[in-house]
file final_11.txt (compact mmCIF, C-alpha atoms)
# COMPACT_ATOMS: atom_id res chain seq x y z
CA MET Q 1381 17.20 -12.26 -22.03
CA ASN Q 1382 19.48 -12.73 -19.04
CA THR Q 1383 17.30 -14.78 -16.71
CA SER Q 1384 19.57 -14.00 -13.77
CA LYS Q 1385 18.39 -10.42 -13.84
CA GLN Q 1386 15.12 -10.79 -11.97
CA LEU Q 1387 13.63 -7.52 -10.81
CA ASP Q 1388 10.77 -7.14 -8.38
CA ILE Q 1389 8.35 -5.28 -10.68
CA THR Q 1390 5.02 -3.71 -9.80
CA VAL Q 1391 2.84 -2.41 -12.64
CA PHE Q 1392 0.53 0.45 -11.71
CA ARG Q 1393 -2.51 0.17 -13.97
CA GLY Q 1394 -4.90 2.88 -12.75
CA TRP Q 1395 -7.51 0.41 -11.50
CA LYS Q 1396 -7.49 -2.35 -8.88
CA ASP Q 1397 -9.40 -4.96 -10.97
CA PHE Q 1398 -6.99 -7.80 -10.17
CA GLY Q 1399 -7.16 -10.64 -12.67
CA LYS Q 1400 -8.84 -8.48 -15.28
CA TYR Q 1401 -7.77 -6.37 -18.24
CA VAL Q 1402 -8.15 -2.61 -17.77
CA TRP Q 1403 -9.44 -0.11 -20.31
CA SER Q 1404 -6.08 1.47 -21.13
CA PRO Q 1405 -4.49 -0.04 -24.28
CA TYR Q 1406 -1.08 1.06 -23.00
CA VAL Q 1407 -1.44 -0.93 -19.79
CA ILE Q 1408 -2.38 -4.05 -21.74
CA LYS Q 1409 0.49 -3.38 -24.14
CA LEU Q 1410 2.98 -3.23 -21.27
CA GLU Q 1411 1.62 -6.35 -19.61
CA ALA Q 1412 1.84 -8.22 -22.93
CA ARG Q 1413 5.46 -7.08 -23.33
CA LEU Q 1414 6.32 -8.51 -19.92
CA ARG Q 1415 4.38 -11.73 -20.40
CA PHE Q 1416 5.81 -12.42 -23.85
CA ALA Q 1417 9.19 -12.60 -22.08
CA GLY Q 1418 7.94 -14.57 -19.09
CA VAL Q 1419 8.73 -11.73 -16.69
CA GLN Q 1420 6.72 -11.89 -13.48
CA TYR Q 1421 5.17 -8.78 -11.97
CA LYS Q 1422 2.58 -7.60 -9.47
CA THR Q 1423 -0.22 -5.13 -10.18
CA GLU Q 1424 -1.55 -2.19 -8.18
CA ALA Q 1425 -3.83 0.74 -8.96
CA GLY Q 1426 -1.35 3.57 -8.39
CA SER Q 1427 -2.06 7.18 -9.29
CA PRO Q 1428 -1.01 9.53 -12.12
CA ARG Q 1429 -0.19 12.08 -9.41
CA ILE Q 1430 2.92 10.13 -8.42
CA ALA Q 1431 3.79 8.69 -11.85
CA PRO Q 1432 7.04 10.12 -13.27
CA LYS Q 1433 5.30 11.50 -16.36
CA GLY Q 1434 1.90 11.95 -14.75
CA LYS Q 1435 0.24 9.11 -16.61
CA ILE Q 1436 -0.68 5.43 -16.45
CA PRO Q 1437 0.96 2.93 -16.72
CA TYR Q 1438 4.13 3.19 -14.71
CA ILE Q 1439 6.19 0.63 -12.85
CA GLU Q 1440 8.22 0.38 -9.69
CA CYS Q 1441 11.42 -1.68 -9.82
CA ARG Q 1442 13.06 -3.19 -6.76
CA ASN Q 1443 16.04 -5.51 -6.35
CA LEU Q 1444 18.01 -3.23 -8.66
CA SER Q 1445 21.27 -4.66 -7.35
CA SER Q 1446 20.67 -7.52 -9.79
CA ILE Q 1447 21.13 -4.97 -12.59
CA SER Q 1448 23.85 -2.63 -11.36
CA LYS Q 1449 25.19 -0.96 -8.22
CA SER Q 1450 24.49 2.53 -9.57
CA LEU Q 1451 20.80 1.70 -10.08
CA ALA Q 1452 20.62 0.07 -6.66
CA GLU Q 1453 21.69 3.37 -5.10
CA GLN Q 1454 18.46 4.94 -6.39
CA GLU Q 1455 16.37 2.44 -4.44
CA THR Q 1456 15.31 3.14 -0.86
CA SER Q 1457 13.70 0.97 1.79
CA ARG Q 1458 10.34 2.63 1.09
CA SER Q 1459 10.45 3.13 -2.67
CA GLY Q 1460 12.00 1.50 -5.70
CA LEU Q 1461 12.87 3.15 -9.01
CA LEU Q 1462 9.83 4.43 -10.92
CA LEU Q 1463 9.63 4.23 -14.71
CA SER Q 1464 6.83 5.62 -16.86
CA ASP Q 1465 5.48 5.35 -20.45
CA SER Q 1466 4.91 1.88 -21.89
CA ALA Q 1467 7.43 2.30 -24.74
CA LEU Q 1468 10.14 3.80 -22.54
CA ILE Q 1469 9.60 1.15 -19.87
CA ALA Q 1470 10.10 -1.60 -22.44
CA LYS Q 1471 13.14 0.17 -23.88
CA THR Q 1472 14.74 0.59 -20.46
CA LEU Q 1473 14.09 -2.99 -19.36
CA THR Q 1474 15.54 -4.19 -22.67
CA GLU Q 1475 18.69 -2.12 -22.11
CA TRP Q 1476 18.98 -3.65 -18.63
CA GLY Q 1477 18.75 -7.16 -20.08
CA VAL Q 1478 15.46 -7.92 -18.37
CA LEU Q 1479 13.49 -8.07 -21.63
CA PRO Q 1480 14.62 -9.38 -25.03
CA ASP Q 1481 14.77 -7.07 -28.04
CA LEU Q 1482 11.72 -8.24 -29.99
CA ASN Q 1483 12.74 -6.40 -33.15
CA ASN Q 1484 16.43 -7.25 -33.15
CA ALA Q 1485 16.15 -9.81 -35.96
CA LEU Q 1486 13.80 -7.80 -38.17
CA GLU Q 1487 15.05 -6.65 -41.55
CA PRO Q 1488 14.72 -2.92 -42.32
CA SER Q 1489 11.43 -3.23 -44.23
CA LYS Q 1490 9.86 -5.19 -41.37
CA ARG Q 1491 11.10 -2.62 -38.84
CA LEU Q 1492 9.40 0.05 -40.93
CA GLN Q 1493 6.15 -1.94 -40.97
CA ASP Q 1494 6.38 -2.46 -37.22
CA LEU Q 1495 6.77 1.27 -36.58
CA ALA Q 1496 3.98 2.06 -39.05
CA VAL Q 1497 1.51 -0.23 -37.23
CA ILE Q 1498 2.41 1.30 -33.87
CA ALA Q 1499 2.12 4.84 -35.26
CA MET Q 1500 -1.29 4.10 -36.78
CA LEU Q 1501 -2.54 2.78 -33.46
CA GLU Q 1502 -0.97 5.26 -31.06
CA ASN Q 1503 -0.97 8.42 -33.17
CA LYS Q 1504 -4.26 7.97 -35.01
CA LEU Q 1505 -6.58 5.31 -33.59
CA TYR Q 1506 -5.92 6.49 -30.04
CA PHE Q 1507 -7.40 9.91 -30.81
CA LEU Q 1508 -10.31 8.46 -32.78
CA GLN Q 1509 -11.11 6.27 -29.78
CA GLY Q 1510 -10.58 9.20 -27.44
CA PHE Q 1511 -13.34 11.11 -29.22
CA GLU Q 1512 -15.73 8.18 -28.84
CA ARG Q 1513 -14.86 7.62 -25.18
CA TRP Q 1514 -14.42 11.13 -23.79
CA ILE Q 1515 -16.78 13.14 -26.01
CA GLN Q 1516 -19.54 10.82 -27.17
CA ASN Q 1517 -19.70 8.66 -24.02
CA TYR Q 1518 -18.35 11.09 -21.48
CA TYR Q 1519 -20.26 10.05 -18.36
CA THR Q 1520 -19.44 6.35 -18.71
CA MET Q 1521 -15.78 7.16 -19.26
CA ARG Q 1522 -15.63 9.72 -16.45
CA ASP Q 1523 -17.13 7.44 -13.82
CA HIS Q 1524 -14.85 4.55 -14.76
CA VAL Q 1525 -11.59 6.51 -14.97
CA LEU Q 1526 -12.28 8.63 -11.88
CA TRP Q 1527 -13.60 5.74 -9.78
CA ALA Q 1528 -11.37 6.64 -6.82
CA LEU Q 1529 -12.76 10.18 -6.42
CA PRO Q 1530 -15.87 11.07 -4.40
CA TYR Q 1531 -18.75 12.16 -6.60
CA PRO Q 1532 -18.58 15.97 -6.15
CA VAL Q 1533 -14.84 15.98 -6.89
CA ARG Q 1534 -15.37 13.56 -9.79
CA VAL Q 1535 -17.78 16.02 -11.43
CA LEU Q 1536 -15.29 18.90 -11.20
CA VAL Q 1537 -12.26 16.90 -12.31
CA GLY Q 1538 -14.30 15.28 -15.06
CA LEU Q 1539 -15.23 18.65 -16.51
CA LEU Q 1540 -11.59 19.70 -16.53
CA ILE Q 1541 -10.62 16.49 -18.32
CA TYR Q 1542 -13.47 16.93 -20.80
CA ARG Q 1543 -12.40 20.47 -21.67
CA ASN Q 1544 -8.79 19.37 -22.02
CA ASN Q 1545 -9.79 16.53 -24.35
CA VAL Q 1546 -11.92 18.84 -26.49
CA ALA Q 1547 -8.98 21.22 -26.86
CA THR Q 1548 -6.48 18.42 -27.49
CA LEU Q 1549 -8.63 16.70 -30.11
CA HIS Q 1550 -9.29 20.00 -31.88
CA GLY Q 1551 -5.61 20.89 -31.91
CA GLN Q 1552 -4.56 17.40 -33.01
CA GLY Q 1553 -7.17 17.45 -35.78
CA THR Q 1554 -9.57 14.65 -34.88
CA GLY Q 1555 -12.02 17.06 -33.26
CA ARG Q 1556 -12.42 18.95 -36.55
CA PHE Q 1557 -14.18 16.01 -38.22
CA THR Q 1558 -17.81 14.98 -37.88
CA PRO Q 1559 -18.72 11.95 -35.74
CA GLU Q 1560 -19.59 10.07 -38.94
CA GLU Q 1561 -16.20 10.81 -40.49
CA ILE Q 1562 -14.41 9.76 -37.31
CA ALA Q 1563 -16.36 6.49 -37.25
CA THR Q 1564 -15.34 5.83 -40.87
CA PHE Q 1565 -11.66 6.46 -40.13
CA ARG Q 1566 -11.83 4.12 -37.15
CA HIS Q 1567 -13.51 1.38 -39.16
CA GLU Q 1568 -10.92 1.67 -41.94
CA ILE Q 1569 -8.10 1.05 -39.47
CA TRP Q 1570 -9.70 -2.12 -38.12
CA GLU Q 1571 -10.40 -3.23 -41.69
CA VAL Q 1572 -6.80 -2.92 -42.87
CA LEU Q 1573 -5.48 -4.57 -39.70
CA SER Q 1574 -7.92 -7.42 -40.22
CA ALA Q 1575 -6.68 -7.93 -43.77
CA GLN Q 1576 -3.05 -7.97 -42.63
CA LEU Q 1577 -3.77 -10.45 -39.84
CA SER Q 1578 -5.57 -12.75 -42.27
CA ALA Q 1579 -2.54 -12.72 -44.55
CA SER Q 1580 -0.18 -13.25 -41.61
CA ARG Q 1581 -2.19 -16.20 -40.33
CA SER Q 1582 -2.22 -17.80 -43.79
CA ASN Q 1583 1.56 -17.48 -44.07
CA SER Q 1584 2.25 -18.66 -40.55
CA SER Q 1585 3.22 -22.24 -39.75
CA LYS Q 1586 0.91 -21.92 -36.71
CA ARG Q 1587 -2.27 -21.23 -38.66
CA GLY Q 1588 -3.66 -24.71 -38.00
CA ASP Q 1589 -3.41 -24.78 -34.22
CA ASP Q 1590 -4.22 -22.60 -31.24
CA GLU Q 1591 -0.82 -20.95 -30.98
CA PRO Q 1592 -0.65 -17.18 -31.56
CA PHE Q 1593 0.16 -15.74 -34.97
CA TRP Q 1594 1.74 -12.32 -35.36
CA ILE Q 1595 0.96 -9.14 -37.28
CA LEU Q 1596 4.15 -9.18 -39.38
CA GLY Q 1597 3.77 -12.87 -40.22
CA GLY Q 1598 6.85 -14.04 -38.34
CA GLU Q 1599 7.25 -16.90 -35.90
CA THR Q 1600 7.72 -14.59 -32.91
CA PRO Q 1601 6.03 -11.33 -31.84
CA SER Q 1602 7.34 -7.87 -32.57
CA GLU Q 1603 6.73 -4.64 -30.67
CA ALA Q 1604 3.71 -4.00 -32.90
CA ASP Q 1605 2.01 -7.11 -31.52
CA THR Q 1606 2.13 -5.82 -27.95
CA CYS Q 1607 0.51 -2.59 -29.12
CA LEU Q 1608 -2.08 -4.21 -31.37
CA PHE Q 1609 -3.14 -6.69 -28.70
CA GLY Q 1610 -3.54 -3.81 -26.26
CA PHE Q 1611 -5.75 -1.79 -28.58
CA ILE Q 1612 -7.92 -4.75 -29.60
CA VAL Q 1613 -8.59 -5.90 -26.04
CA SER Q 1614 -9.16 -2.35 -24.85
CA ALA Q 1615 -11.76 -1.83 -27.58
CA MET Q 1616 -13.51 -5.09 -26.72
CA ILE Q 1617 -13.90 -4.36 -23.00
CA CYS Q 1618 -14.44 -0.58 -22.84
CA THR Q 1619 -18.16 0.08 -22.40
CA ALA Q 1620 -17.53 3.75 -23.15
CA ALA Q 1621 -16.78 2.72 -26.74
CA PRO Q 1622 -19.87 0.81 -27.97
CA GLU Q 1623 -19.28 1.63 -31.63
CA SER Q 1624 -15.75 0.24 -31.47
CA MET Q 1625 -17.16 -2.95 -29.98
CA LYS Q 1626 -19.51 -3.21 -32.96
CA ASP Q 1627 -16.65 -2.56 -35.37
CA LEU Q 1628 -14.58 -5.40 -33.97
CA LYS Q 1629 -17.46 -7.86 -34.24
CA GLN Q 1630 -17.32 -7.38 -38.02
CA PHE Q 1631 -13.76 -8.75 -38.11
CA PRO Q 1632 -13.55 -12.22 -36.53
CA ILE Q 1633 -9.81 -12.41 -37.21
CA LEU Q 1634 -9.21 -9.65 -34.64
CA HIS Q 1635 -10.99 -11.73 -32.00
CA GLU Q 1636 -9.08 -14.86 -32.99
CA TYR Q 1637 -5.74 -13.04 -32.86
CA ALA Q 1638 -6.46 -11.63 -29.40
CA GLU Q 1639 -7.97 -14.86 -28.10
CA ARG Q 1640 -4.93 -16.94 -29.05
CA ILE Q 1641 -2.64 -14.49 -27.28
CA HIS Q 1642 -4.94 -14.42 -24.27
CA ASN Q 1643 -5.05 -18.22 -24.02
CA ARG Q 1644 -1.27 -18.50 -24.30
CA TYR Q 1645 -0.09 -15.58 -22.17
CA PHE Q 1646 -3.04 -14.42 -20.02
CA PRO Q 1647 -4.81 -17.62 -18.90
CA ASP Q 1648 -5.22 -16.18 -15.39
CA TYR Q 1649 -7.15 -13.13 -16.66
CA GLU Q 1650 -10.89 -12.93 -17.16
CA LYS Q 1651 -11.60 -12.96 -20.89
CA TRP Q 1652 -13.87 -10.46 -22.61
CA SER Q 1653 -17.40 -11.40 -23.64
CA ALA Q 1654 -17.78 -12.76 -27.15
call {"tool": "encode", "arguments": {"input": "final_11.txt", "output": "structure tokens"}}
result
Amino acid sequence: MNTSKQLDITVFRGWKDFGKYVWSPYVIKLEARLRFAGVQYKTEAGSPRIAPKGKIPYIECRNLSSISKSLAEQETSRSGLLLSDSALIAKTLTEWGVLPDLNNALEPSKRLQDLAVIAMLENKLYFLQGFERWIQNYYTMRDHVLWALPYPVRVLVGLLIYRNNVATLHGQGTGRFTPEEIATFRHEIWEVLSAQLSASRSNSSKRGDDEPFWILGGETPSEADTCLFGFIVSAMICTAAPESMKDLKQFPILHEYAERIHNRYFPDYEKWSA
């Protein structure tokens, strides 16, 4: 990473909650990506209504002249350049030289494993968790996500979100399974990740101390680690997902993995309850 390229970055996380993790795994994933590289940033709540892709997280970048003149021309006195989507944000900041390429040294088989872990989390577990949060525990999820809206508006918007989630989950396929089947699928994912982390810790030179170990067993994190950390922490703090909390308690290695990363990279954040 070119340390001379220091942007003024604000991460919009959807909630104020300064000094705390938020429920979105993608927000935690993005913050981990920045912190793994030692990139400083500020946090604000923001709003999906002004996000480039209409979703959280997104970031605002200022001091773009440190990157290029053409980018600096897109910055105004009142607004910097907005970027959205955790993966695209990381990709763009890597192209700008702000972040290192975490997967640059991976051999092809490891790159495949890295993508497979991310796909399992973002394209499968995300929807399994979405069913638990938005369908089974709707009111808890609604009131937390729509905290900024007055109650009458929250009820209306919440119903629209609920209907959209029902349709999305049915179309995607998750909504066609029974709650019991969905719970089994979710548990199986945590189980296989736990087994992989146990193997990675055993093979790591850092297994005997408090330093983090990584999902692919290497000495440094890959993109999959940012994603996995985000999903683990999100599951441990989201009170709209009580069954996921119970699942994680069955796999102590998941807690150890997240705790080591927290202690190393997020010491200023409030840690989840054991």
call {"tool": "residues_around", "arguments": {"input": "final_11.txt", "residues": "Lys1471 of chain Q", "least_positions_apart": "2", "cutoff": "12 Å", "atoms": "all atoms listed in the file", "output": "list in words"}}
result
Leu1410, Arg1413, Leu1414, Leu1463, Ser1464, Asp1465, Ser1466, Ala1467, Leu1468, Ile1469, Leu1473, Thr1474, Glu1475, Trp1476, Gly1477, Val1478, Leu1479, Pro1480, Asp1481, Leu1482, Asn1483 and Glu1603 of chain Q
call {"tool": "closest_residue", "arguments": {"input": "final_11.txt", "among": "Q:Phe1646, Q:Trp1594, Q:Leu1526, Q:Arg1513", "to": "Ser1578 of chain Q", "atoms": "all atoms listed in the file"}}
result
Q:Trp1594
call {"tool": "atom_distance", "arguments": {"input": "final_11.txt", "atom1": "atom CA of Leu1529 of chain Q", "atom2": "atom CA of Ile1515 of chain Q"}}
result
20.2 Å
call {"tool": "closest_residue", "arguments": {"input": "final_11.txt", "among": "Q:Phe1511, Q:Ala1412, Q:Phe1611, Q:Ala1485", "to": "Tyr1542 of chain Q", "atoms": "all atoms listed in the file"}}
result
Q:Phe1511
call {"tool": "closest_residue", "arguments": {"input": "final_11.txt", "among": "Q:Leu1461, Q:Ala1470, Q:Cys1618, Q:Ala1496", "to": "Met1521 of chain Q", "atoms": "all atoms listed in the file"}}
result
Q:Cys1618
call {"tool": "atom_distance", "arguments": {"input": "final_11.txt", "atom1": "atom CA of Asn1643 of chain Q", "atom2": "atom CA of Pro1601 of chain Q"}}
result
15.2 Å
call {"tool": "closest_residue", "arguments": {"input": "final_11.txt", "among": "Q:Phe1507, Q:Ser1445, Q:Ala1575, Q:Ser1582", "to": "Thr1548 of chain Q", "atoms": "only C-alpha atoms"}}
result
Q:Phe1507
call {"tool": "residues_around", "arguments": {"input": "final_11.txt", "residues": "Leu1596 of chain Q", "least_positions_apart": "4", "cutoff": "9 Å", "atoms": "all atoms listed in the file", "output": "mmCIF file with C-alpha atoms, in the frame of the given file"}}
result
data_model
loop_
_atom_site.group_PDB
_atom_site.id
_atom_site.type_symbol
_atom_site.label_atom_id
_atom_site.label_comp_id
_atom_site.auth_asym_id
_atom_site.auth_seq_id
_atom_site.Cartn_x
_atom_site.Cartn_y
_atom_site.Cartn_z
ATOM 1 C CA LYS Q 1490 9.860 -5.190 -41.370
ATOM 2 C CA GLN Q 1493 6.150 -1.940 -40.970
ATOM 3 C CA ASP Q 1494 6.380 -2.460 -37.220
ATOM 4 C CA GLN Q 1576 -3.050 -7.970 -42.630
ATOM 5 C CA LEU Q 1577 -3.770 -10.450 -39.840
ATOM 6 C CA SER Q 1580 -0.180 -13.250 -41.610
ATOM 7 C CA PRO Q 1601 6.030 -11.330 -31.840
ATOM 8 C CA SER Q 1602 7.340 -7.870 -32.570
ATOM 9 C CA ALA Q 1604 3.710 -4.000 -32.900
ATOM 10 C CA ASP Q 1605 2.010 -7.110 -31.520
#
call {"tool": "closest_residue", "arguments": {"input": "final_11.txt", "among": "Q:Phe1593, Q:Gly1510, Q:Gly1399, Q:Ser1489", "to": "Arg1644 of chain Q", "atoms": "only C-alpha atoms"}}
result
Q:Phe1593
call {"tool": "atom_distance", "arguments": {"input": "final_11.txt", "atom1": "atom CA of Ser1459 of chain Q", "atom2": "atom CA of His1524 of chain Q"}}
result
28.1 Å
call {"tool": "residues_near_point", "arguments": {"input": "final_11.txt", "point": "(-7.7, 4.5, -38.7)", "cutoff": "8 Å", "atoms": "all atoms listed in the file", "output": "list in words"}}
result
Met1500, Leu1501, Lys1504, Leu1505, Leu1508, Phe1565, Arg1566, His1567, Glu1568, Ile1569 and Trp1570 of chain Q
call {"tool": "residues_around", "arguments": {"input": "final_11.txt", "residues": "Val1391 of chain Q", "least_positions_apart": "3", "cutoff": "8 Å", "atoms": "all atoms listed in the file", "output": "list in words"}}
result
Tyr1421, Lys1422, Thr1423, Glu1424, Pro1437, Tyr1438, Ile1439 and Glu1440 of chain Q
call {"tool": "closest_residue", "arguments": {"input": "final_11.txt", "among": "Q:Leu1634, Q:Thr1600, Q:Asn1484, Q:Glu1560", "to": "Val1572 of chain Q", "atoms": "all atoms listed in the file"}}
result
Q:Leu1634
call {"tool": "residues_around", "arguments": {"input": "final_11.txt", "residues": "Tyr1637 of chain Q", "least_positions_apart": "3", "cutoff": "10 Å", "atoms": "only C-alpha atoms", "output": "ChimeraX atom specification"}}
result
/Q:1574,1577-1578,1581,1590-1595,1605,1608-1609,1612,1632-1634,1640-1642
call {"tool": "build_atoms", "arguments": {"input": "final_11.txt", "residues": "segment 1597-1607 of chain Q", "atoms": "all heavy atoms", "output": "short mmCIF file (atom, residue, chain, number, x, y, z; two decimals), keeping the file's coordinate frame"}}
result
data_model
loop_
_atom_site.label_atom_id
_atom_site.label_comp_id
_atom_site.auth_asym_id
_atom_site.auth_seq_id
_atom_site.Cartn_x
_atom_site.Cartn_y
_atom_site.Cartn_z
N GLY Q 1597 3.67 -11.57 -39.58
CA GLY Q 1597 3.77 -12.87 -40.22
C GLY Q 1597 4.94 -13.72 -39.80
O GLY Q 1597 5.17 -14.80 -40.37
N GLY Q 1598 5.70 -13.27 -38.80
CA GLY Q 1598 6.85 -14.04 -38.34
C GLY Q 1598 6.47 -15.12 -37.34
O GLY Q 1598 5.30 -15.29 -37.00
N GLU Q 1599 7.48 -15.82 -36.86
CA GLU Q 1599 7.25 -16.90 -35.90
C GLU Q 1599 7.26 -16.41 -34.46
O GLU Q 1599 6.90 -17.15 -33.54
CB GLU Q 1599 8.32 -17.98 -36.08
CG GLU Q 1599 8.27 -18.66 -37.44
CD GLU Q 1599 6.92 -19.32 -37.70
OE1 GLU Q 1599 6.46 -20.11 -36.85
OE2 GLU Q 1599 6.31 -19.03 -38.75
N THR Q 1600 7.68 -15.18 -34.25
CA THR Q 1600 7.72 -14.59 -32.91
C THR Q 1600 7.11 -13.20 -32.96
O THR Q 1600 7.04 -12.57 -34.03
CB THR Q 1600 9.16 -14.50 -32.37
OG1 THR Q 1600 9.96 -13.74 -33.30
CG2 THR Q 1600 9.76 -15.89 -32.19
N PRO Q 1601 6.66 -12.67 -31.83
CA PRO Q 1601 6.03 -11.33 -31.84
C PRO Q 1601 7.04 -10.22 -32.04
O PRO Q 1601 8.24 -10.38 -31.77
CB PRO Q 1601 5.39 -11.25 -30.45
CG PRO Q 1601 6.24 -12.14 -29.60
CD PRO Q 1601 6.64 -13.27 -30.48
N SER Q 1602 6.55 -9.10 -32.50
CA SER Q 1602 7.34 -7.87 -32.57
C SER Q 1602 6.69 -6.85 -31.63
O SER Q 1602 5.66 -7.12 -31.02
CB SER Q 1602 7.40 -7.33 -34.00
OG SER Q 1602 6.12 -6.85 -34.41
N GLU Q 1603 7.29 -5.68 -31.53
CA GLU Q 1603 6.73 -4.64 -30.67
C GLU Q 1603 5.31 -4.28 -31.09
O GLU Q 1603 4.46 -3.96 -30.27
CB GLU Q 1603 7.62 -3.39 -30.69
CG GLU Q 1603 9.01 -3.56 -30.09
CD GLU Q 1603 8.99 -3.71 -28.58
OE1 GLU Q 1603 7.92 -3.54 -27.97
OE2 GLU Q 1603 10.06 -3.99 -28.00
N ALA Q 1604 5.04 -4.35 -32.40
CA ALA Q 1604 3.71 -4.00 -32.90
C ALA Q 1604 2.64 -4.93 -32.33
O ALA Q 1604 1.50 -4.51 -32.13
CB ALA Q 1604 3.69 -4.05 -34.43
N ASP Q 1605 3.00 -6.18 -32.06
CA ASP Q 1605 2.01 -7.11 -31.52
C ASP Q 1605 1.58 -6.74 -30.11
O ASP Q 1605 0.41 -6.90 -29.75
CB ASP Q 1605 2.57 -8.54 -31.53
CG ASP Q 1605 2.64 -9.11 -32.93
OD1 ASP Q 1605 1.58 -9.38 -33.51
OD2 ASP Q 1605 3.76 -9.28 -33.44
N THR Q 1606 2.50 -6.24 -29.30
CA THR Q 1606 2.13 -5.82 -27.95
C THR Q 1606 1.13 -4.68 -28.02
O THR Q 1606 0.16 -4.63 -27.28
CB THR Q 1606 3.36 -5.40 -27.14
OG1 THR Q 1606 3.94 -4.21 -27.68
CG2 THR Q 1606 4.43 -6.49 -27.12
N CYS Q 1607 1.38 -3.76 -28.96
CA CYS Q 1607 0.51 -2.59 -29.12
C CYS Q 1607 -0.85 -2.98 -29.70
O CYS Q 1607 -1.90 -2.56 -29.20
CB CYS Q 1607 1.21 -1.58 -30.02
SG CYS Q 1607 0.42 0.04 -30.08
#
